[in-house]
Structure formats: structure tokens, C-alpha cells
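Read through the structure below, which is laid out as C-alpha cells, and then see the notes.
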Amino acid sequence: MKCKMVRNRLDALLDGELPVAEVERMKAHLGECQGCRQELAARQQIADALSRLPPILAPNHFARRARRAFRSNLKRPGMAEWWQGLSMAMRSAVCGAALAGLLCGAVLGINVTASQVPGTGNLYQNFYASKGIYP
Ligand SMILES: [Zn+2]
């Protein structure tokens with residue numbers, strides 16, 4: 001084992017959280033490496049000092065106040081969050097669909113007004129159509 005890997009796992013070793021095979025590998029490394037042994041001793045001193053501290057009790061009504069604070073900070077996703085949640089590909093697809101809908105509407109609108117026969121629309125359409133204007 002390398003020193004970096006051993007040092008990353010020292011706290012787990014002290015807490016008895018490692019499988020037996022890993023404990024054996026770490027012990028073998030610690031037997032050969034003075035630096036890691038010193039680091040283990042330092043962490044053991046810290047753990048011992050922390051274990052001697054008196055227990056910290058939560059104040060009365062802590063749980064109720066914490067739940068209330070948590071709920072008040074919850075946000076409902078708005079349009080901006082919805083948009084930001086989309087990937088760039090999905091944003092492009094949404095923009096493309098909107099643009100295609102806009103173009104379809106414009107083309108259909110032009111075809112409808114251009115194909116009207118004078119005299120078949122309402123009063124204003126007939127007036128403009130009689131003057132050759134198709135708004
Ligand atoms: Zn080492």
C-alpha cells in the first residue's frame with residue numbers, strides 16, 4: 001500500500017470500519033513506515049481528546065425549529081430552474097420547436113390571407129381586399 005492510500009483510511013482503521021484483509025495490509029505498511037505511524041498516533045490523540053469532551057445536548061425545541069427552517073428554505077422550481085435543468089441539446093430542441101411553430105403559423109397565416117376571395121371576409125377584409133391590400 002502507498003502512504004496516501006493508508007493515510008486516507010487511517011480514521012476508518014481507528015473506528016474499526018475496515019475489513020480484516022485491509023487491516024492486515026495497513027498494519028504491514030504501518031510496521032514499515034514511520035511517517036504513517038506518526039500520523040496514526042496523531043489521529044489517535046485527536047480521537048482520544050474528542051472522546052473526553054462532554055456530550056453536547058441539543059436545545060429544547062431544536063428539532064421543531066430545524067424542520068421549520070428547512071421547510072421555509074425549500075423552493076419550488078420556477079421557469080428559470082426548469083430551463084437551467086435542461087441540457088444544451090434539450091434547450092436547442094425547445095428553441096427549434098418554438099421557431100418551427102412560429103414559422104408554421106406565419107406561413108399558414110400568409111396562405112389564408114392571400115387565398116381569400118374578395119367579398120367572402122368580414123367588412124374590414126372586404127374593404128382592404130377591394131383596394132388590393134391583404135394585411
Ligand atoms: Zn506510509
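Chain labels follow the order of the C-alpha cells: the first chain is A, the next B, and so on; residue numbering restarts at 1 in every chain, and ligands are counted from 1 in their shown order.
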
May I ask you to write as a VMD selection string all residues lying at most 6 Å from ligand 1, with only C-alpha atoms and all ligand atoms counted? chain A and resid 3 33 35 to 36

Go ahead and dump the residues you just picked, C-alpha atoms, as an mmCIF file, in the first residue's frame.
data_model
loop_
_atom_site.group_PDB
_atom_site.id
_atom_site.type_symbol
_atom_site.label_atom_id
_atom_site.label_comp_id
_atom_site.auth_asym_id
_atom_site.auth_seq_id
_atom_site.Cartn_x
_atom_site.Cartn_y
_atom_site.Cartn_z
ATOM 1 C CA CYS A 3 1.262 6.194 2.090
ATOM 2 C CA CYS A 33 6.571 3.341 7.559
ATOM 3 C CA GLY A 35 5.569 8.657 8.799
ATOM 4 C CA CYS A 36 2.254 6.810 8.653
#

May I have the residues within 10 Å of A:Leu14 as a VMD selection string, using only C-alpha atoms and disregarding those fewer than 3 positions away in the same chain? chain A and resid 9 to 11 17 to 18 40 43 to 44 47

As a VMD selection string, which residues of chain A does DSSP assign to alpha helix (DSSP H)? chain A and resid 3 to 8 10 to 14 20 to 32 34 to 51 62 to 73 79 to 84 88 to 114 123 to 130

Excluding A:Met5 and its own-chain neighbours fewer than 6 positions away, which residues fall within 12 Å of it when counting only C-alpha atoms? Please give them as a CSV table (one decimal) with all heavy atoms, in the first residue's frame.
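Ended up saving to part.csv:
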chain,number,residue,atom,x,y,z
A,11,ASP,N,-8.5,7.0,9.6
A,11,ASP,CA,-9.7,7.2,10.5
A,11,ASP,C,-10.6,6.0,10.5
A,11,ASP,O,-11.1,5.6,11.5
A,11,ASP,CB,-10.4,8.5,10.1
A,11,ASP,CG,-9.6,9.7,10.4
A,11,ASP,OD1,-8.9,9.8,11.4
A,11,ASP,OD2,-9.7,10.6,9.5
A,12,ALA,N,-10.8,5.4,9.3
A,12,ALA,CA,-11.6,4.2,9.3
A,12,ALA,C,-11.0,3.1,10.0
A,12,ALA,O,-11.6,2.3,10.7
A,12,ALA,CB,-11.8,3.8,7.8
A,13,LEU,N,-9.6,3.0,10.0
A,13,LEU,CA,-8.9,2.0,10.8
A,13,LEU,C,-9.2,2.2,12.3
A,13,LEU,O,-9.5,1.2,13.0
A,13,LEU,CB,-7.4,2.0,10.5
A,13,LEU,CG,-6.5,1.1,11.3
A,13,LEU,CD1,-6.8,-0.4,10.8
A,13,LEU,CD2,-5.1,1.4,11.0
A,22,GLU,N,-8.0,-5.7,4.8
A,22,GLU,CA,-7.4,-4.3,4.6
A,22,GLU,C,-6.6,-3.9,5.9
A,22,GLU,O,-5.6,-3.3,5.8
A,22,GLU,CB,-8.5,-3.3,4.3
A,22,GLU,CG,-7.9,-2.0,3.9
A,22,GLU,CD,-8.9,-1.0,3.3
A,22,GLU,OE1,-10.1,-1.5,3.1
A,22,GLU,OE2,-8.6,0.1,3.1
A,25,ARG,N,-3.3,-5.4,5.7
A,25,ARG,CA,-2.4,-4.7,4.7
A,25,ARG,C,-1.9,-3.4,5.3
A,25,ARG,O,-0.8,-3.0,5.2
A,25,ARG,CB,-3.1,-4.4,3.4
A,25,ARG,CG,-3.3,-5.7,2.6
A,25,ARG,CD,-3.6,-5.3,1.1
A,25,ARG,NE,-4.8,-4.5,1.0
A,25,ARG,CZ,-6.1,-5.0,0.9
A,25,ARG,NH1,-6.3,-6.3,0.8
A,25,ARG,NH2,-7.1,-4.2,0.8
A,26,MET,N,-2.8,-2.7,6.0
A,26,MET,CA,-2.4,-1.4,6.6
A,26,MET,C,-1.4,-1.6,7.8
A,26,MET,O,-0.5,-0.9,7.9
A,26,MET,CB,-3.7,-0.7,7.1
A,26,MET,CG,-4.5,-0.1,6.0
A,26,MET,SD,-5.8,1.0,6.4
A,26,MET,CE,-4.9,2.4,7.1
A,29,HIS,N,1.9,-2.1,6.3
A,29,HIS,CA,2.5,-0.8,5.9
A,29,HIS,C,3.0,0.0,7.1
A,29,HIS,O,4.1,0.6,7.1
A,29,HIS,CB,1.5,0.0,5.1
A,29,HIS,CG,2.1,1.3,4.6
A,29,HIS,ND1,2.8,1.5,3.5
A,29,HIS,CD2,2.1,2.6,5.2
A,29,HIS,CE1,3.2,2.7,3.4
A,29,HIS,NE2,2.8,3.4,4.4
A,30,LEU,N,2.2,0.0,8.2
A,30,LEU,CA,2.5,0.8,9.4
A,30,LEU,C,3.7,0.3,10.1
A,30,LEU,O,4.5,1.0,10.7
A,30,LEU,CB,1.3,0.8,10.3
A,30,LEU,CG,0.1,1.7,9.8
A,30,LEU,CD1,-1.1,1.3,10.7
A,30,LEU,CD2,0.4,3.1,9.9
A,36,CYS,N,3.7,7.2,8.5
A,36,CYS,CA,2.3,6.8,8.7
A,36,CYS,C,2.0,6.4,10.1
A,36,CYS,O,0.9,6.7,10.6
A,36,CYS,CB,1.9,5.7,7.7
A,36,CYS,SG,1.8,6.2,6.0

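For the atom pair formed by atom CA of A:Leu74 and atom CA of A:Leu57, the distance is 26.8 Å, given to one decimal.
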